[in-house]
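One file, final_10.cif, carrying mmCIF, C-alpha atoms:
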data_model
loop_
_atom_site.label_atom_id
_atom_site.label_comp_id
_atom_site.auth_asym_id
_atom_site.auth_seq_id
_atom_site.Cartn_x
_atom_site.Cartn_y
_atom_site.Cartn_z
CA MET A 1 132.23 50.74 53.59
CA ASN A 2 133.05 48.55 50.59
CA LYS A 3 133.55 51.05 47.71
CA ASN A 4 132.04 48.75 45.10
CA ILE A 5 128.92 48.09 47.22
CA GLU A 6 128.66 51.78 48.06
CA ASP A 7 128.67 52.59 44.32
CA LEU A 8 126.14 49.83 43.70
CA LEU A 9 123.79 51.19 46.38
CA GLN A 10 124.02 54.60 44.77
CA GLU A 11 123.63 53.41 41.16
CA LEU A 12 121.13 50.55 41.55
CA ASP A 13 117.60 50.29 42.83
CA PHE A 14 117.71 48.64 46.28
CA CYS A 15 115.64 45.75 44.88
CA GLN A 16 118.44 45.07 42.38
CA PHE A 17 120.94 45.07 45.25
CA LEU A 18 118.79 42.48 47.06
CA LYS A 19 118.66 40.43 43.84
CA LEU A 20 122.45 40.29 43.67
CA ILE A 21 122.53 38.92 47.24
CA GLU A 22 119.89 36.33 46.35
CA LEU A 23 121.98 35.24 43.32
CA GLY A 24 125.06 34.91 45.53
CA ILE A 25 126.98 37.70 43.78
CA ILE A 26 127.21 39.62 47.06
CA ASP A 27 127.82 37.75 50.32
CA LYS A 28 124.98 38.04 52.91
CA LYS A 29 127.35 38.89 55.72
CA LEU A 30 129.05 41.61 53.70
CA GLY A 31 125.65 42.87 52.53
CA THR A 32 124.42 43.04 56.13
CA GLU A 33 127.44 45.05 57.24
CA GLU A 34 127.12 47.49 54.35
CA VAL A 35 123.37 48.03 54.86
CA ILE A 36 123.99 48.70 58.55
CA LYS A 37 126.72 51.20 57.71
CA ALA A 38 124.32 53.04 55.35
CA LYS A 39 122.08 53.84 58.38
CA ASN A 40 119.00 53.90 56.19
CA SER A 41 116.02 52.60 58.22
CA ARG A 42 113.98 51.60 55.16
CA CYS A 43 116.90 49.64 53.66
CA ILE A 44 117.62 47.88 56.97
CA TYR A 45 113.94 46.89 57.30
CA GLU A 46 113.65 45.66 53.69
CA PHE A 47 116.95 43.76 53.96
CA ALA A 48 115.78 42.01 57.17
CA THR A 49 112.41 41.05 55.67
CA SER A 50 113.72 40.02 52.24
CA VAL A 51 116.96 38.12 52.86
CA LYS A 52 116.77 34.77 54.62
CA GLY A 53 119.36 33.71 57.18
CA VAL A 54 120.61 37.20 58.01
CA ASP A 55 121.84 38.31 61.45
CA VAL A 56 118.55 39.68 62.88
CA ALA A 57 120.14 40.81 66.16
CA LYS A 58 122.62 43.05 64.32
CA LEU A 59 119.95 44.48 62.03
CA GLN A 60 117.66 45.04 65.01
CA ASP A 61 120.30 47.07 66.82
CA ALA A 62 120.82 49.05 63.62
CA ILE A 63 117.11 49.82 63.20
CA ILE A 64 116.87 50.88 66.85
CA ALA A 65 119.86 53.18 66.36
CA THR A 66 118.00 55.06 63.59
CA GLU A 67 115.31 56.06 66.18
CA ASN A 68 112.74 55.90 63.39
CA PRO A 69 109.44 54.86 65.09
CA HIS A 70 107.79 53.82 61.83
CA TYR A 71 110.42 51.21 60.93
CA ILE A 72 111.03 50.15 64.54
CA TYR A 73 107.33 49.26 64.68
CA PHE A 74 107.34 47.43 61.33
CA PHE A 75 110.62 45.61 62.12
CA ALA A 76 109.07 44.29 65.36
CA LYS A 77 105.88 43.35 63.55
CA ASP A 78 107.33 41.70 60.45
CA VAL A 79 110.80 40.32 61.23
CA ASP A 80 110.93 36.83 62.72
CA GLY A 81 113.34 36.52 65.64
CA ALA A 82 113.21 40.17 66.70
CA ASP A 83 113.80 40.68 70.43
CA MET A 84 110.43 42.02 71.64
CA GLU A 85 111.76 43.37 74.91
CA LYS A 86 114.39 45.41 73.10
CA MET A 87 111.93 46.60 70.47
CA THR A 88 109.34 47.52 73.11
CA ASN A 89 111.89 49.64 74.94
CA ALA A 90 112.97 51.23 71.66
CA ILE A 91 109.47 52.27 70.60
CA ILE A 92 108.74 53.71 74.07
CA GLU A 93 111.94 55.76 73.95
CA THR A 94 110.85 57.41 70.70
CA ARG A 95 107.80 58.87 72.60
CA ASP A 96 105.95 58.68 69.28
CA VAL A 97 102.39 58.28 70.48
CA PRO A 98 100.67 56.81 67.37
CA HIS A 99 103.42 54.19 66.92
CA ILE A 100 103.45 53.19 70.60
CA TYR A 101 99.69 52.65 70.21
CA GLU A 102 100.09 50.68 66.95
CA PHE A 103 102.95 48.64 68.45
CA ALA A 104 100.80 47.58 71.43
CA LYS A 105 97.86 46.80 69.19
CA GLY A 106 99.63 45.05 66.32
CA VAL A 107 102.89 43.42 67.48
CA LYS A 108 102.69 39.87 68.82
CA GLY A 109 104.53 39.37 72.07
CA ALA A 110 104.74 43.08 72.84
CA ASN A 111 105.10 43.92 76.53
CA ILE A 112 101.69 45.53 77.11
CA GLU A 113 102.44 46.48 80.71
CA LYS A 114 105.53 48.42 79.65
CA LEU A 115 103.73 49.98 76.71
CA THR A 116 100.85 51.04 78.99
CA ASP A 117 103.32 52.91 81.20
CA GLY A 118 104.99 54.34 78.12
CA MET A 119 101.69 55.62 76.79
CA ILE A 120 100.74 57.13 80.16
CA ASN A 121 104.08 58.99 80.26
CA THR A 122 103.25 60.73 76.95
CA GLN A 123 100.27 62.41 78.73
CA CYS A 124 98.38 62.35 75.43
CA GLU A 125 94.70 61.97 76.40
CA GLU A 126 93.55 61.00 72.90
CA PHE A 127 95.84 57.96 72.65
CA ILE A 128 95.53 57.01 76.32
CA TYR A 129 91.81 56.65 75.56
CA LYS A 130 92.44 54.74 72.30
CA PHE A 131 95.00 52.50 74.03
CA ALA A 132 92.46 51.56 76.71
CA ARG A 133 89.78 50.98 74.09
CA ASP A 134 91.75 48.91 71.58
CA VAL A 135 94.70 47.15 73.24
CA LYS A 136 94.03 43.72 74.71
CA GLY A 137 95.42 43.30 78.20
CA ALA A 138 95.79 47.03 78.84
CA ASP A 139 95.58 48.06 82.50
CA ILE A 140 92.26 49.94 82.48
CA ALA A 141 92.56 51.14 86.08
CA LYS A 142 95.96 52.72 85.38
CA LEU A 143 94.74 54.29 82.16
CA THR A 144 91.61 55.60 83.91
CA ASP A 145 93.77 57.42 86.46
CA ALA A 146 95.91 58.77 83.63
CA ILE A 147 93.01 60.18 81.61
CA ILE A 148 91.62 61.79 84.77
CA LYS A 149 94.92 63.27 85.96
CA ASN A 150 94.79 66.44 83.88
CA SER A 151 91.00 66.90 83.69
CA ASN A 152 89.98 70.17 82.05
CA LYS A 153 87.39 71.56 79.62
CA GLU A 154 89.58 70.76 76.62
CA ASN A 155 90.07 67.04 77.32
CA ALA A 156 86.52 66.38 78.56
CA ALA A 157 85.71 64.70 75.24
CA TYR A 158 88.26 61.92 75.89
CA ILE A 159 87.01 61.34 79.44
CA TYR A 160 83.49 61.01 78.04
CA ASP A 161 84.62 58.71 75.21
CA PHE A 162 86.68 56.63 77.66
CA THR A 163 83.59 56.10 79.82
CA ARG A 164 81.37 55.27 76.89
CA HIS A 165 83.63 52.97 74.87
CA VAL A 166 86.15 51.30 77.25
CA LYS A 167 84.94 48.08 78.79
CA GLY A 168 85.40 47.94 82.54
CA ALA A 169 85.77 51.69 82.94
CA ASP A 170 85.14 53.05 86.45
CA ILE A 171 81.95 55.09 85.87
CA ALA A 172 81.95 56.82 89.26
CA LYS A 173 85.59 57.96 88.95
CA LEU A 174 85.14 59.19 85.41
CA GLN A 175 81.90 60.93 86.32
CA ASP A 176 83.68 62.93 89.03
CA ALA A 177 86.34 63.80 86.45
CA ILE A 178 83.79 64.99 83.89
CA ILE A 179 82.14 67.15 86.58
CA ALA A 180 85.57 68.61 87.46
CA THR A 181 86.04 69.75 83.84
CA GLN A 182 82.98 72.07 84.19
CA ASN A 183 82.31 71.41 80.51
CA PRO A 184 78.51 71.72 80.14
CA TYR A 185 78.38 69.90 76.80
CA TYR A 186 79.98 66.71 78.13
CA ILE A 187 78.29 66.85 81.53
CA TYR A 188 74.98 66.87 79.65
CA PHE A 189 76.01 64.04 77.28
CA PHE A 190 77.43 61.98 80.17
CA ALA A 191 74.07 62.16 81.94
CA LYS A 192 72.18 61.42 78.75
CA ASN A 193 74.21 58.49 77.41
CA ILE A 194 76.15 56.73 80.19
CA ASP A 195 74.37 53.86 81.90
CA GLY A 196 74.83 54.06 85.66
CA ALA A 197 75.49 57.80 85.72
CA ASN A 198 74.42 59.58 88.91
CA ILE A 199 71.80 61.98 87.53
CA GLU A 200 71.42 63.88 90.80
CA LYS A 201 75.15 64.69 90.92
CA LEU A 202 75.20 65.63 87.25
CA THR A 203 72.12 67.84 87.69
CA ASP A 204 73.98 69.87 90.31
CA ALA A 205 77.03 69.96 88.02
CA ILE A 206 75.15 71.26 84.97
CA ILE A 207 73.48 73.93 87.11
CA ALA A 208 76.88 75.01 88.46
CA THR A 209 78.09 75.74 84.91
CA LYS A 210 75.32 78.40 84.59
CA TYR A 211 75.11 77.52 80.91
CA GLU A 212 71.37 77.82 80.32
CA ALA A 213 71.30 76.22 76.86
CA TYR A 214 72.62 72.92 78.27
CA ILE A 215 70.55 73.19 81.44
CA TYR A 216 67.52 73.33 79.15
CA ASP A 217 68.80 70.38 77.06
CA PHE A 218 69.50 68.42 80.26
CA ALA A 219 65.90 68.91 81.44
CA ARG A 220 64.49 67.94 78.06
CA GLU A 221 66.66 64.90 77.27
CA VAL A 222 67.91 63.30 80.51
CA LYS A 223 65.65 60.72 82.09
CA GLY A 224 65.08 61.26 85.80
CA ALA A 225 66.33 64.86 85.76
CA ASN A 226 65.11 67.10 88.60
CA ILE A 227 62.91 69.48 86.60
CA ALA A 228 62.18 71.86 89.50
CA LYS A 229 65.89 72.34 90.26
CA LEU A 230 66.77 72.85 86.62
CA GLN A 231 63.92 75.31 86.11
CA ASP A 232 65.13 77.43 89.04
CA ALA A 233 68.54 77.64 87.34
CA ILE A 234 67.16 79.21 84.16
CA LYS A 235 66.42 82.80 85.07
CA GLU A 236 68.56 85.11 82.91
CA ASN A 237 67.95 84.14 79.30
CA ALA A 238 64.38 84.92 78.17
CA VAL A 239 64.53 82.52 75.21
CA PHE A 240 65.38 79.52 77.40
CA ILE A 241 62.84 80.52 80.07
CA TYR A 242 60.18 80.51 77.35
CA ASP A 243 61.49 77.29 75.74
CA PHE A 244 61.56 75.55 79.12
CA ALA A 245 57.90 76.38 79.79
CA ARG A 246 56.91 75.33 76.27
CA ASP A 247 58.88 72.07 75.97
CA ILE A 248 59.52 70.52 79.39
CA ASP A 249 56.93 68.24 80.93
CA GLY A 250 56.40 69.18 84.55
CA ALA A 251 57.59 72.78 84.16
CA ASN A 252 55.97 75.23 86.59
CA ILE A 253 54.33 77.75 84.24
CA GLU A 254 53.82 80.38 86.92
CA LYS A 255 57.52 80.23 87.87
CA SER A 256 58.59 80.54 84.26
CA GLN A 257 56.21 83.43 83.73
CA ASP A 258 57.54 85.33 86.76
CA ALA A 259 61.14 84.76 85.63
CA LEU A 260 60.32 85.88 82.10
CA VAL A 261 58.64 89.08 83.29
CA LYS A 262 61.84 90.00 85.17
CA THR A 263 63.87 89.81 81.94
CA LYS A 264 61.66 92.50 80.35
CA ASP A 265 62.09 90.78 76.99
CA ALA A 266 58.94 91.94 75.18
CA ARG A 267 59.33 89.57 72.22
CA CYS A 268 59.53 86.45 74.42
CA ILE A 269 56.69 87.69 76.63
CA CYS A 270 54.50 87.90 73.50
CA GLU A 271 55.51 84.37 72.45
CA PHE A 272 54.83 83.07 75.96
CA ALA A 273 51.35 84.61 75.97
CA LYS A 274 50.63 83.24 72.52
CA ASN A 275 51.87 79.65 72.93
CA ILE A 276 51.86 78.65 76.60
CA LYS A 277 48.66 77.22 77.99
CA ARG A 278 47.69 78.60 81.41
CA ALA A 279 49.72 81.79 80.82
CA ASP A 280 48.34 84.78 82.74
CA ILE A 281 47.40 86.99 79.79
CA GLU A 282 46.47 89.99 81.91
CA LYS A 283 49.78 89.94 83.80
CA LEU A 284 51.81 89.57 80.63
CA GLN A 285 49.81 92.30 78.93
CA ASP A 286 50.52 94.71 81.79
CA GLU A 287 54.24 93.94 81.46
CA ILE A 288 54.18 94.55 77.69
CA ILE A 289 52.52 97.92 78.34
CA LYS A 290 55.20 98.83 80.93
CA ILE A 291 58.02 97.97 78.53
CA LYS A 292 56.53 100.35 75.91
CA ASP A 293 57.76 98.38 72.92
CA ALA A 294 55.36 99.52 70.18
CA HIS A 295 55.97 96.52 67.93
CA CYS A 296 55.23 94.05 70.73
CA ILE A 297 52.17 95.99 71.92
CA TYR A 298 50.84 95.69 68.38
CA GLU A 299 51.73 91.96 68.17
CA PHE A 300 50.10 91.29 71.55
CA ALA A 301 46.87 93.07 70.51
CA LYS A 302 46.82 91.34 67.12
CA ASN A 303 47.70 87.77 68.11
CA ILE A 304 46.79 87.07 71.73
CA ASP A 305 43.34 85.75 72.57
CA GLY A 306 41.95 87.60 75.55
CA ALA A 307 44.07 90.72 75.07
CA ASN A 308 42.44 93.94 76.30
CA ILE A 309 42.39 95.98 73.09
CA GLU A 310 41.21 99.14 74.84
CA LYS A 311 44.19 99.08 77.24
CA LEU A 312 46.60 98.30 74.45
CA THR A 313 45.16 101.14 72.34
CA GLY A 314 46.14 103.60 75.05
CA ALA A 315 49.57 101.95 75.35
CA ILE A 316 50.36 102.09 71.63
CA ILE A 317 49.46 105.81 71.53
CA GLU A 318 51.87 106.51 74.42
CA THR A 319 54.77 105.07 72.41
CA GLN A 320 54.30 107.80 69.74
CA ASP A 321 55.56 105.24 67.20
CA ALA A 322 53.77 106.29 64.01
CA TYR A 323 54.43 103.10 62.04
CA TRP A 324 53.11 100.67 64.66
CA ILE A 325 50.18 102.94 65.58
CA CYS A 326 49.14 102.86 61.92
CA GLU A 327 49.60 99.06 61.79
CA PHE A 328 47.52 98.81 64.97
CA ALA A 329 44.77 100.84 63.29
CA ARG A 330 44.83 98.74 60.11
CA LYS A 331 45.23 95.19 61.45
CA VAL A 332 44.06 94.80 65.05
CA LYS A 333 40.57 93.32 65.28
CA GLY A 334 38.19 95.17 67.55
CA VAL A 335 40.25 98.35 67.73
CA ASN A 336 38.21 101.46 68.57
CA LEU A 337 39.46 103.60 65.75
CA ASP A 338 37.67 106.69 67.02
CA LYS A 339 39.45 106.38 70.38
CA LEU A 340 42.77 105.69 68.68
CA THR A 341 42.34 108.74 66.45
CA LYS A 342 41.49 111.00 69.38
CA GLY A 343 44.56 109.70 71.20
CA VAL A 344 46.74 110.58 68.23
CA ILE A 345 45.24 114.09 68.11
CA ALA A 346 45.81 114.59 71.82
CA SER A 347 49.51 113.73 71.36
CA ARG A 348 49.98 117.01 69.42
CA ASN A 349 52.77 115.22 67.54
CA GLU A 350 52.55 116.78 64.06
CA GLU A 351 54.52 114.04 62.30
CA LEU A 352 52.38 111.34 63.93
CA ILE A 353 49.15 113.20 63.13
CA SER A 354 50.21 113.64 59.51
CA LEU A 355 51.08 109.95 59.02
CA PHE A 356 47.99 108.81 60.87
CA THR A 357 45.81 111.04 58.65
CA GLU A 358 47.09 109.14 55.61
CA CYS A 359 46.46 105.86 57.46
CA ILE A 360 42.82 106.80 58.24
CA ASN A 361 42.23 107.76 54.62
CA SER A 362 43.46 104.31 53.51
CA ILE A 363 41.14 102.36 55.83
CA ASN A 364 37.83 101.29 54.30
CA GLY A 365 34.89 99.18 55.35
CA GLU A 366 33.28 98.64 58.72
CA LYS A 367 36.37 99.57 60.73
CA ALA A 368 36.43 103.08 59.22
CA LYS A 369 32.78 103.64 60.11
CA ASN A 370 33.51 103.85 63.82
CA VAL A 371 35.48 107.08 63.29
CA THR A 372 32.95 109.89 63.76
CA ASP A 373 32.77 112.83 61.37
CA GLU A 374 33.62 115.08 64.29
CA THR A 375 36.83 113.12 64.95
CA LYS A 376 37.72 113.06 61.25
CA ASP A 377 37.47 116.84 61.14
CA GLU A 378 39.43 117.10 64.37
CA ILE A 379 42.37 115.00 63.18
CA TYR A 380 43.08 117.39 60.36
CA VAL A 381 42.88 120.56 62.51
CA ASN A 382 41.65 121.76 65.84
CA PRO A 383 41.28 125.49 65.14
CA GLU A 384 40.83 126.49 68.74
CA GLU A 385 43.98 124.70 69.80
CA ASP A 386 46.29 125.06 66.84
CA THR A 387 45.50 127.61 64.13
CA LEU A 388 49.01 127.37 62.70
CA SER A 389 48.66 123.60 62.18
CA GLU A 390 45.41 124.25 60.37
CA LEU A 391 47.08 126.76 58.05
CA ILE A 392 49.95 124.35 57.33
CA TRP A 393 47.54 121.53 56.56
CA LEU A 394 45.40 123.73 54.25
CA LEU A 395 48.51 124.84 52.39
CA ASN A 396 49.63 121.25 52.06
CA GLU A 397 46.22 120.25 50.68
CA GLN A 398 46.15 123.35 48.45
CA LYS A 399 42.83 124.44 49.93
CA PHE A 400 43.45 128.08 49.14
CA GLU A 401 39.77 129.02 49.12
CA ASP A 402 39.46 127.91 52.74
CA ILE A 403 42.49 130.02 53.63
CA VAL A 404 40.91 133.07 52.00
CA ASN A 405 37.58 132.43 53.75
CA ASN A 406 39.44 132.41 57.10
CA LYS A 407 41.78 135.27 56.29
CA ASP A 408 41.13 137.19 59.50
CA LYS A 409 41.83 134.18 61.68
CA PHE A 410 45.11 133.27 59.96
CA SER A 411 46.27 136.89 59.70
CA LYS A 412 46.37 137.07 63.50
CA LEU A 413 49.32 134.68 63.38
CA PHE A 414 51.41 137.38 61.78
CA VAL A 415 50.43 140.61 63.54
CA ALA A 416 52.43 143.85 63.47
CA GLY A 417 53.65 144.67 66.94
CA GLU A 418 53.89 140.96 67.84
CA GLN A 419 57.20 140.59 66.06
CA GLU A 420 58.64 137.72 68.15
CA VAL A 421 55.47 135.61 67.83
CA SER A 422 55.15 136.41 64.13
CA LYS A 423 58.77 135.50 63.42
CA GLU A 424 58.43 132.16 65.22
CA ASN A 425 55.24 131.32 63.32
CA LEU A 426 56.91 132.20 60.02
CA LYS A 427 59.84 129.93 60.88
CA ILE A 428 57.46 127.04 61.58
CA LEU A 429 55.58 127.72 58.35
CA VAL A 430 58.74 127.86 56.24
CA LYS A 431 60.12 124.69 57.86
CA ALA A 432 56.85 122.84 57.24
CA SER A 433 56.86 124.02 53.64
CA ASN A 434 60.48 122.85 53.14
CA GLU A 435 59.59 119.43 54.57
CA GLY A 436 56.71 119.09 52.13
CA LYS A 437 54.03 119.71 54.74
#
Conversion result in C-alpha cells:
Amino acid sequence: MNKNIEDLLQELDFCQFLKLIELGIIDKKLGTEEVIKAKNSRCIYEFATSVKGVDVAKLQDAIIATENPHYIYFFAKDVDGADMEKMTNAIIETRDVPHIYEFAKGVKGANIEKLTDGMINTQCEEFIYKFARDVKGADIAKLTDAIIKNSNKENAAYIYDFTRHVKGADIAKLQDAIIATQNPYYIYFFAKNIDGANIEKLTDAIIATKYEAYIYDFAREVKGANIAKLQDAIKENAVFIYDFARDIDGANIEKSQDALVKTKDARCICEFAKNIKRADIEKLQDEIIKIKDAHCIYEFAKNIDGANIEKLTGAIIETQDAYWICEFARKVKGVNLDKLTKGVIASRNEELISLFTECINSINGEKAKNVTDETKDEIYVNPEEDTLSELIWLLNEQKFEDIVNNKDKFSKLFVAGEQEVSKENLKILVKASNEGK
C-alpha cells in the first residue's frame, strides 16, 4: 500500500480523501487500488458511489470479498454497472436473511428465481412469508411448500399470515398445514378470517386440540360452524359449558346442563340456574344440595327464582357452616326461621348454636316473628338434653340468679362418687370459660 496514501487515510476524514481524488491530487487508479487494499466495505462502497469513471468490476469483487451483506446490498442497489448475477450470488452466500429479502425487493435486475431459492434454503419462516408477500415475481408455489415444510405450533402464525396476505396462496394446502400444527389459536383464526376455508375440516381440527376456550370462540365467531359438534366437545371446563349455553345461538340447553352437573362446579351451576332460560331449576337445585357447598346453597336460595327454600333450609343446616347459615337466616326471602332455628338446635354443634343465637338476636321485623317463643327458649338451652350447655350459657350471660334457683339440677353434674363424669364436665366447663363461652 502506498505509504503516503495509507497515512492520509489514517489522518484524514474519508470525505477529504475523496476530495483530493476529485481535485486530481490523487490518481483514480491509484486511489482505487489503495481503497481495495484497505478492505473496508464502507470505504469501498462510498468510493464506488462518489468517484466517477472508476473500475466498478474491481470494486465489486472487493466488496464481495468483505462478505458484508449490508454493503453488498447497497453496492448492488446504488452502483451503476454492478454485475447483478455476481451480486445476487454474493448476497445469497452470506445467508443473511433480512438482506436477501431487501435485495430481492429493492435491487433492479436482481435474479428473483435465485433469490427465492436462497431464501428457502435459510428455512426462516418469517422471511419466507415476507418474501412471498412483498417481492414481485416470487414463486408463490415454491414458497408455499417451503413455509409448510416445517409446520409446527411455533410457526403457525407465519402459515396463517401467508394465507391471509399473499396473493395467489394455495388455501387448501395451507389449511392442511395449519391443521397439522395443532395450534388452536391459529386454527380458530384461520376459520374465522380466511375466505374459502373449509369450516367442516377446521371444526374437526379445533375439537381435536381439546382446547375448550378456542372451541367456544370457534362456535361463537365462525360462520357456519357445527354447533352441535362443538358443544359435545366442551365437557370438562364448567365455565365454558356455562358460557356456551349462555352465548351460543342454537346451543342445546339440556345437554349443557347435563354436562355442567357432571363437573360438580357449584358456582357455575348457580350461574347457570340464574341466567340460562329453560334451565331445570329443580335438577340444578338437587345437585347444589348434593355438593354441600354452603355458600352456593345460600346463593341459590337467595337469587334463583323458583328455588325450594324449604329444601335448601335443610341443606344449609347439614353443612354446619355457621357463617352461611346465619347469612341464610338474615337474607333469604321466605326462609322459615323457626325451622332453621330448630335445625341448628338439633345439630348439637355448640359453636354453631352460639353464633346462630347472636344472629337471631340481630334479626328484627316480620322475619323474626316466625320464630316461636318455645324455639327461642330452646335455642339457648334444652335442659332435658343438655344441662351442661345450659350452665355454660347462663355463666356466659352472667345469669347467676338462675343458676342459684336451679342449684340442685346443676349440682348433679358434679356428684361425689361419679368422679369420671364430674371430671369430664369440669374440663368442658373450664374449656368453655377459657374460650369466652
What gap, in Å, lies between CA of Ala146 (chain A) and CA of Tyr71 (chain A)? 28.0 Å
So the first atom is CA of Asn111 (chain A) and the second is CA of His99 (chain A); what is the distance between them in Å, to one decimal place?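 Going from CA of Asn111 (chain A) over to CA of His99 (chain A), I get 14.2 Å.
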Nearest to Gln257 (chain A), chosen from A:Ala141, A:Ile64, A:Leu284, A:Ala233, with all atoms listed in the file counted in the distances: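 Among the listed residues, A:Leu284 lies closest to Gln257 (chain A).
Counting only C-alpha atoms and comparing A:Ala110, A:Ile309, A:Val166, A:Ile147, the residue that lies closest to Glu126 (chain A) is A:Ile147.
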Could you tell me, as a PyMOL selection string, exactly which residues end up selected when the PyMOL selection byres ((chain A and resi 78) around 12) is applied to this structure? chain A and resi 45-50+56+60+71-77+79-84+103+106-108
I want to know what sits within 12 Å of Asp258 (chain A), based on all atoms listed in the file, with residues of the same chain fewer than 5 positions away left out; could you give that as a compact mmCIF listing (two decimals) with C-alpha atoms, keeping the file's coordinate frame?
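Below is the file that was written, around_2.txt:
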# COMPACT_ATOMS: atom_id res chain seq x y z
CA GLN A 231 63.92 75.31 86.11
CA ASP A 232 65.13 77.43 89.04
CA ILE A 234 67.16 79.21 84.16
CA LYS A 235 66.42 82.80 85.07
CA GLU A 236 68.56 85.11 82.91
CA ALA A 238 64.38 84.92 78.17
CA ILE A 241 62.84 80.52 80.07
CA TYR A 242 60.18 80.51 77.35
CA ALA A 245 57.90 76.38 79.79
CA ASN A 252 55.97 75.23 86.59
CA ILE A 253 54.33 77.75 84.24
CA THR A 263 63.87 89.81 81.94
CA LYS A 264 61.66 92.50 80.35
CA ILE A 269 56.69 87.69 76.63
CA PHE A 272 54.83 83.07 75.96
CA ALA A 279 49.72 81.79 80.82
CA ASP A 280 48.34 84.78 82.74
CA LYS A 283 49.78 89.94 83.80
CA LEU A 284 51.81 89.57 80.63
CA GLU A 287 54.24 93.94 81.46
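The gap separating CA of Ala90 (chain A) from CA of Glu34 (chain A) is 22.7 Å, in Å to one decimal.
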Counting all atoms listed in the file, the residue among A:Lys311, A:Lys19, A:Lys192, A:Lys331 that lies closest to Gly224 (chain A) is A:Lys192
Spatial neighbours of region 203-213 of chain A, max dist 7 Å, all atoms listed in the file, sep filter under 3 positions, as a list in words: Ile179, Gln182, Pro184, Ile187, Tyr188, Ile199, Glu200, Tyr216, Asp217, Ala225, Leu230, Ala233, Ile234 and Phe240 of chain A
List as a ChimeraX atom specification the protein and nucleic acid residues near Ala346 (chain A), meaning an atom at most 10 Å away when only C-alpha atoms are counted, but skip any in the same chain fewer than 4 places from it. /A:317,340-342,353,379
